[in-house]
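To keep things clear, I will list the structure first and then write my remarks on it.
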2 protein chains.
Amino acid sequence: MSAASRAKRNDPELEVTVLERSHDVSYSACGMPYNIAEPEREIDDLVVRQASVFREKQKINLLTGYEVTSLNTRNRSVSGRSETEGEFTLSYDKLLIATGASPIVPEIPGVDSPGVLTLKSLNDGREIKRYLKDHSVRRVVIIGMGYIALEMCEALRRRDIKVELVKPRPRLLPWMDETLSDVVRREIEENGATLYPGQTIERIIRRDDERALDVVCSRQTLTADMVLLAIGVTPNSQLAEKAGLELSVRNAIAVDRCLRTSDPDIFAAGDCADSPHEITGKKRYIPLALRANRSGWAVADTVSGRETEVQGVLGTSVFRVFDLEIARTGLSLSEAIEEGFAPETVSIKTRSRAHAHPGSTPIYLQMVGDKKTGRLLGVQMVGQEGVAHRINAVAVALHAKMTVEGFSQSDLAYAPPFSPVWDPLLTTANQLVKRMK
Amino acid sequence: MSAASRAKRNDPELEVTVLERSHDVSYSACGMPYNIAEPEREIDDLVVRQASVFREKQKINLLTGYEVTSLNTRNRSVSGRSETEGEFTLSYDKLLIATGASPIVPEIPGVDSPGVLTLKSLNDGREIKRYLKDHSVRRVVIIGMGYIALEMCEALRRRDIKVELVKPRPRLLPWMDETLSDVVRREIEENGATLYPGQTIERIIRRDDERALDVVCSRQTLTADMVLLAIGVTPNSQLAEKAGLELSVRNAIAVDRCLRTSDPDIFAAGDCADSPHEITGKKRYIPLALRANRSGWAVADTVSGRETEVQGVLGTSVFRVFDLEIARTGLSLSEAIEEGFAPETVSIKTRSRAHAHPGSTPIYLQMVGDKKTGRLLGVQMVGQEGVAHRINAVAVALHAKMTVEGFSQSDLAYAPPFSPVWDPLLTTANQLVKRMK
């Protein structure tokens with residue numbers, strides 16, 4: 001919808017048709033866990049713009065309930081089925097594939113039982129909310145421990161629901177320095193949720209008599225009224241693949257810096273497409289909202305005649321779990337090693353505010369630099385305040401290819417309620433500079 | 001003390017003598033307004049490190065109560081008077097002048113009356129606290145409306161003291177876009193303080209009978225139990241000037257990137273010295289804590305044999321007034337014009353959090369760019385949350401000499417509790433890019 005809106009703004013004469021399988025077209029997907037936390041809020045609060053606005057005010061030919069099932073690149077057309085009109089075929093001059101991603105559903109027996117849900121689309125959120133309302137859900141098992149799993153853990157705990165999280169890999173947030181991920185682990189446990197890492201999930205059994213679900217894991221069985229699958233997403237690239245378009249890492253649709261696929265008339269943007277990483281230049285699959293929006297705009301501009309490139313990604317992200325903010329940008333230590341850098345790292349604990357200023361809380365940082373070039377490669381951060389926006393200073397430094405020493409010289413803001421004289425970022429950089437010498 | 005400590009860490013054999021006129025050597029000066037806000041807190045809570053620690057643990061020859069009154073660059077010695085030892089003369093191989101700054105006291109009759117106070121040193125803070133305790137202070141007039149004036153306004157209002165602020169210039173925060181400074185003005189007024197800009201202060205009269213002070217201004221007379229002068233500071237450069245060292249802008253001691261004065265054996269750092277501005281390269285007097293600390297370290301490193309440069313400043317700063325965070329970095333519109341740029345600017349109001357996320361508050365930004373080069377020149381920001389750390393992303397971009405368009409492509413963090421998908425910084429940059437085309 002970002003692309004469609006911008007294309008019509010750029011050129012009101014352009015004929016823009018959007019084919020959407022569902023009936024939800026513009027909503028804040030990332031806001032769903034916070035909405036689910038509040039039973040009295042309508043899930044449709046998350047709708048940013050109604051379909052009617054796109055149709056009537058923006059003159060976009062928005063067709064909802066239209067599922068595209070095939071793409072013919074030779075005669076430049078798409079075909080599929082509409083809920084109301086039956087089969088359809090539409091031709092295009094330029095095509096944008098913005099099919100998004102789908103939650104990964106593990107192939108285990110019982111995974112399709114009623115009460116086993118996922119969270120990606122607004123309809124998923126709607127179903128979770130309805131399920132929580134219609135059934136007396138007192139216990140939820142979440143499979144996965146990524147940011148959606150943890151945000152949903154918080155949301156459900158706020159509704160006073162017992163939450164257990166289980167996953168096969170042995171560590172919470174494996175990309176994170178263990179001193180930092182331990183802080184997150186304690187926060188989750190102190191808020192009454194239980195973590196079971198390092199357990200394979202073997203099957204889900206629905207007991208018909210009492211509607212309970214048994215999640216049978218390698219070392220124990222967890223019982224729940226609802227199970228949430230949150231082990232990540234996979235790009236919806238089947239349509240592109242069948243049409244012969246090039247895919248790349250993790251089956252994402254391969255695009256260039258203008259979001260062009262291997263067919264010059266076809267673009268792909270959002271969670272179905274790959275991205276170049278700003279530091280390594282290599283293709284990565286990091287489906288996040290800002291990149292999706294920005295790519296939509298760029299495609300619109302290119303199609304409107306102004307060829308527009310989009311910068312690569314740094315994987316900058318932040319999420320909240322209870323009272324903690326957790327953020328990262330750039331490469332983790334293990335990623336830096338994989339990418340052939342000679343990384344040095346420092347991990348510190350400091351305070352969020354000035355000496356003796358009331359309300360100061362601990363803040364934890366890890367910073368990674370490259371010994372060979374001195375270059376800053378990435379930062380991870382955990383704390384109760386000042387984490388979410390602090391990470392952005394590092395993101396900008398990474399775009400600018402700063403060295404750790406250069407970054408350590410930054411003239412950052414200081415006032416006692418907000419940081420020590422030396423911002424935690426600078427303290428960390430100062431220590432890393434010393435270590436890299 | 002930063003320089004002395006680091007020099008001893010670098011080289012424990014180095015003989016380091018510190019001559020300090022007062023008896024306070026290491027304290028959080030910026031924390032004073034927040035401490036003054038709380039009657040029950042001791043002002044000495046702000047002491048970071050006791051003199052005894054410097055002496056006994058760090059083996060620094062720290063002499064307090066020693067005032068240096070002359071500097072002889074020819075035979076490399078300083079002389080003065082000690083409270084306990086009388087006159088003294090000490091020779092040096094390398095000298096660091098770190099004499100700081102003094103509050104500007106306007107030359108008006110009655111300015112030396114009891115109850116007319118300033119706030120710069122810990123002793124000033126001590127005196128304000130004592131005055132508030134010993135007298136029944138119900139009304140304070142603050143002369144000045146800079147960040148110390150406004151922080152003290154908040155501190156005194158928290159103690160339920162009536163506060164009136166007066167100054168000659170017509171606008172609150174004249175460096176700030178008026179749509180932003182109006183938000184600050186409303187915040188101050190809503191918190192019960194009164195602003196009288198555009199009034200010259202003619203005299204202060206102390207009524208002996210009732211200990212009240214009349215502040216006679218051009219259009220009215222304000223009556224107070226205590227008057228605070230907060231119209232800025234001036235560098236303590238008299239010693240340097242008498243010794244023939246070069247001064248620069250606003251009488252600050254002129255230093256190079258290694259903090260060397262015009263005498264190669266003499267360094268100056270902190271609020272007594274000037275700084276090169278990162279954007280213009282020109283000398284500026286922007287006395288702030290981080291620059292002072294960083295300069296102290298650099299001088300120590302240079303003196304220890306590792307010639308160390310310090311980057312210039314951007315004037316990045318933040319302060320809080322009641323529930324508002326106010327931040328800036330780089331050039332304002334008028335500064336950009338003065339410096340010969342062809343500035344374009346955009347000023348927006350947006351939200352601090354994602355669509356439909358609870359707790360969202362307005363955030364106001366102004367961004368300045370150079371039309372000729374596309375370069376980002378500065379940002380100002382006001383809001384209830386996320387301002388203090390957000391400004392740092394801009395500071396890093398300014399160090400990296402990014403264009404507005406380059407900055408607008410930054411991969412910044414997003415989660416609904418912390419920002420919209422497009423961070424307010426990106427929204428502002430996007431609009432400025434369009435305007436600059």
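If you're wondering about the labels, chains in the structure tokens are A, B, ... by order shown, residues count from 1 in each chain, ligands from 1 in order shown.
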Near chain B, meaning an atom within 6 Å, which residues of chain A appear when counting only C-alpha atoms? Write them as a short mmCIF file (atom, residue, chain, number, x, y, z; two decimals) with C-alpha atoms, in the first residue's frame.
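The resulting file, result_17.cif, is shown below:
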```
data_model
loop_
_atom_site.label_atom_id
_atom_site.label_comp_id
_atom_site.auth_asym_id
_atom_site.auth_seq_id
_atom_site.Cartn_x
_atom_site.Cartn_y
_atom_site.Cartn_z
CA GLY A 31 1.43 -3.29 17.38
CA LEU A 290 11.03 0.27 7.95
CA VAL A 313 20.17 -2.84 6.01
CA THR A 316 18.83 -2.39 13.43
CA SER A 317 16.02 -3.49 15.71
CA VAL A 318 14.56 -2.96 19.11
CA PHE A 319 11.92 -4.69 21.15
CA HIS A 389 17.01 5.48 20.62
CA ARG A 390 20.62 5.11 21.67
CA ASN A 392 20.33 4.71 16.30
CA ALA A 393 23.53 6.68 16.87
CA ASP A 411 29.91 14.99 20.50
CA LEU A 412 26.88 13.38 22.14
CA ALA A 413 24.31 15.08 24.35
CA ALA A 415 22.29 16.03 30.94
CA PRO A 416 22.02 14.20 34.27
CA VAL A 421 28.80 12.71 31.06
#
```
Leu324 in chain B surroundings by only C-alpha atoms, 7 Å radius, close-in-sequence under 6 positions cut, as a PyMOL selection string: chain B and resi 382-384
I need the residues in range 64-243 of chain A that are strand (DSSP E) according to DSSP; give them as JSON, numbers by chain. {"A": [64, 66, 67, 68, 69, 70, 71, 72, 77, 78, 79, 80, 81, 82, 86, 87, 88, 89, 90, 91, 95, 96, 97, 101, 102, 103, 116, 117, 118, 139, 140, 141, 142, 143, 162, 163, 164, 165, 166, 194, 195, 196, 201, 202, 203, 204, 205, 206, 207, 212, 213, 214, 215, 216, 217, 221, 222, 223, 224, 226, 227, 228, 229, 233, 234, 235]}
Pick from A:Arg257, A:Lys349, A:Arg375, A:Lys283, whichever lies nearest to Thr302 in chain A using only C-alpha atoms: A:Arg257
Residue contacts of Asp274 in chain B (8 Å, only C-alpha atoms) excluding same-chain residues fewer than 5 positions away, as a PyMOL selection string: chain B and resi 248-249+252-255+283-287
Can you write out the residues you just picked, keeping N, CA and C atoms, as a short mmCIF file (atom, residue, chain, number, x, y, z; two decimals), in the first residue's frame?
```
data_model
loop_
_atom_site.label_atom_id
_atom_site.label_comp_id
_atom_site.auth_asym_id
_atom_site.auth_seq_id
_atom_site.Cartn_x
_atom_site.Cartn_y
_atom_site.Cartn_z
N SER B 248 40.76 33.81 22.20
CA SER B 248 39.98 33.86 20.95
C SER B 248 38.55 34.28 21.26
N VAL B 249 37.61 33.67 20.61
CA VAL B 249 36.21 34.03 20.72
C VAL B 249 35.75 34.12 22.19
N ALA B 252 37.89 33.21 25.37
CA ALA B 252 38.33 31.87 25.74
C ALA B 252 39.80 31.71 25.34
N ILE B 253 40.51 30.83 26.04
CA ILE B 253 41.92 30.58 25.71
C ILE B 253 41.97 29.80 24.39
N ALA B 254 42.74 30.31 23.45
CA ALA B 254 42.83 29.67 22.13
C ALA B 254 43.68 28.40 22.22
N VAL B 255 43.12 27.29 21.75
CA VAL B 255 43.88 26.02 21.76
C VAL B 255 43.78 25.36 20.39
N LYS B 283 36.45 28.71 15.42
CA LYS B 283 36.50 28.65 16.88
C LYS B 283 35.17 29.09 17.48
N ARG B 284 34.72 28.32 18.47
CA ARG B 284 33.48 28.63 19.18
C ARG B 284 33.72 28.48 20.68
N TYR B 285 32.89 29.15 21.46
CA TYR B 285 32.95 28.95 22.91
C TYR B 285 31.65 28.28 23.35
N ILE B 286 31.70 26.96 23.47
CA ILE B 286 30.52 26.18 23.88
C ILE B 286 30.96 25.31 25.06
N PRO B 287 30.97 25.88 26.26
CA PRO B 287 31.50 25.14 27.40
C PRO B 287 30.54 24.06 27.89
#
```
Got a sec: who's within 12 Å of Cys258 in chain B, counting only C-alpha atoms, leaving out chain neighbours fewer than 5 positions off, as a list in words?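 That gives Leu96, Pro264, Asp265, Ile266, Phe267, Ala268, Ala269, Ala273, Asp274, Ser275, Pro276, Arg294, Ser295, Gly296, Trp297, Ala298, Val299, Ala300, Asp301, Thr302, Val303, Arg306, Glu307, Thr308, Glu309, Val310, Gln311 and Gly312 of chain B.
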Grab the residues selected above and save them as a PDB file, in the first residue's frame with C-alpha atoms.
```pdb
ATOM      1  CA  LEU B  96      47.389  22.544  32.027  1.00  0.00           C
ATOM      2  CA  PRO B 264      53.716  24.776  23.376  1.00  0.00           C
ATOM      3  CA  ASP B 265      54.275  23.717  27.005  1.00  0.00           C
ATOM      4  CA  ILE B 266      50.912  25.009  28.146  1.00  0.00           C
ATOM      5  CA  PHE B 267      47.582  23.339  27.521  1.00  0.00           C
ATOM      6  CA  ALA B 268      44.100  24.598  28.321  1.00  0.00           C
ATOM      7  CA  ALA B 269      40.974  22.468  28.646  1.00  0.00           C
ATOM      8  CA  ALA B 273      39.186  27.108  26.452  1.00  0.00           C
ATOM      9  CA  ASP B 274      37.705  27.445  22.987  1.00  0.00           C
ATOM     10  CA  SER B 275      36.742  24.625  20.582  1.00  0.00           C
ATOM     11  CA  PRO B 276      36.707  24.284  16.815  1.00  0.00           C
ATOM     12  CA  ARG B 294      37.533  14.439  26.834  1.00  0.00           C
ATOM     13  CA  SER B 295      40.008  17.304  26.547  1.00  0.00           C
ATOM     14  CA  GLY B 296      41.456  16.497  29.977  1.00  0.00           C
ATOM     15  CA  TRP B 297      42.111  12.936  28.880  1.00  0.00           C
ATOM     16  CA  ALA B 298      43.662  14.037  25.616  1.00  0.00           C
ATOM     17  CA  VAL B 299      46.055  16.442  27.357  1.00  0.00           C
ATOM     18  CA  ALA B 300      47.108  13.656  29.724  1.00  0.00           C
ATOM     19  CA  ASP B 301      47.793  11.359  26.778  1.00  0.00           C
ATOM     20  CA  THR B 302      49.767  14.009  24.906  1.00  0.00           C
ATOM     21  CA  VAL B 303      51.822  14.867  27.987  1.00  0.00           C
ATOM     22  CA  ARG B 306      51.112   9.997  22.848  1.00  0.00           C
ATOM     23  CA  GLU B 307      50.136  13.123  20.910  1.00  0.00           C
ATOM     24  CA  THR B 308      46.314  13.073  20.972  1.00  0.00           C
ATOM     25  CA  GLU B 309      43.876  15.205  19.037  1.00  0.00           C
ATOM     26  CA  VAL B 310      40.277  15.857  20.001  1.00  0.00           C
ATOM     27  CA  GLN B 311      37.516  16.287  17.456  1.00  0.00           C
ATOM     28  CA  GLY B 312      35.640  19.553  17.306  1.00  0.00           C
TER      29      GLY B 312
END
```
Within 10 Å of Arg169 in chain B using only C-alpha atoms, minus same-chain residues under 4 positions, as a PyMOL selection string: chain B and resi 144-145+173-174+196-200
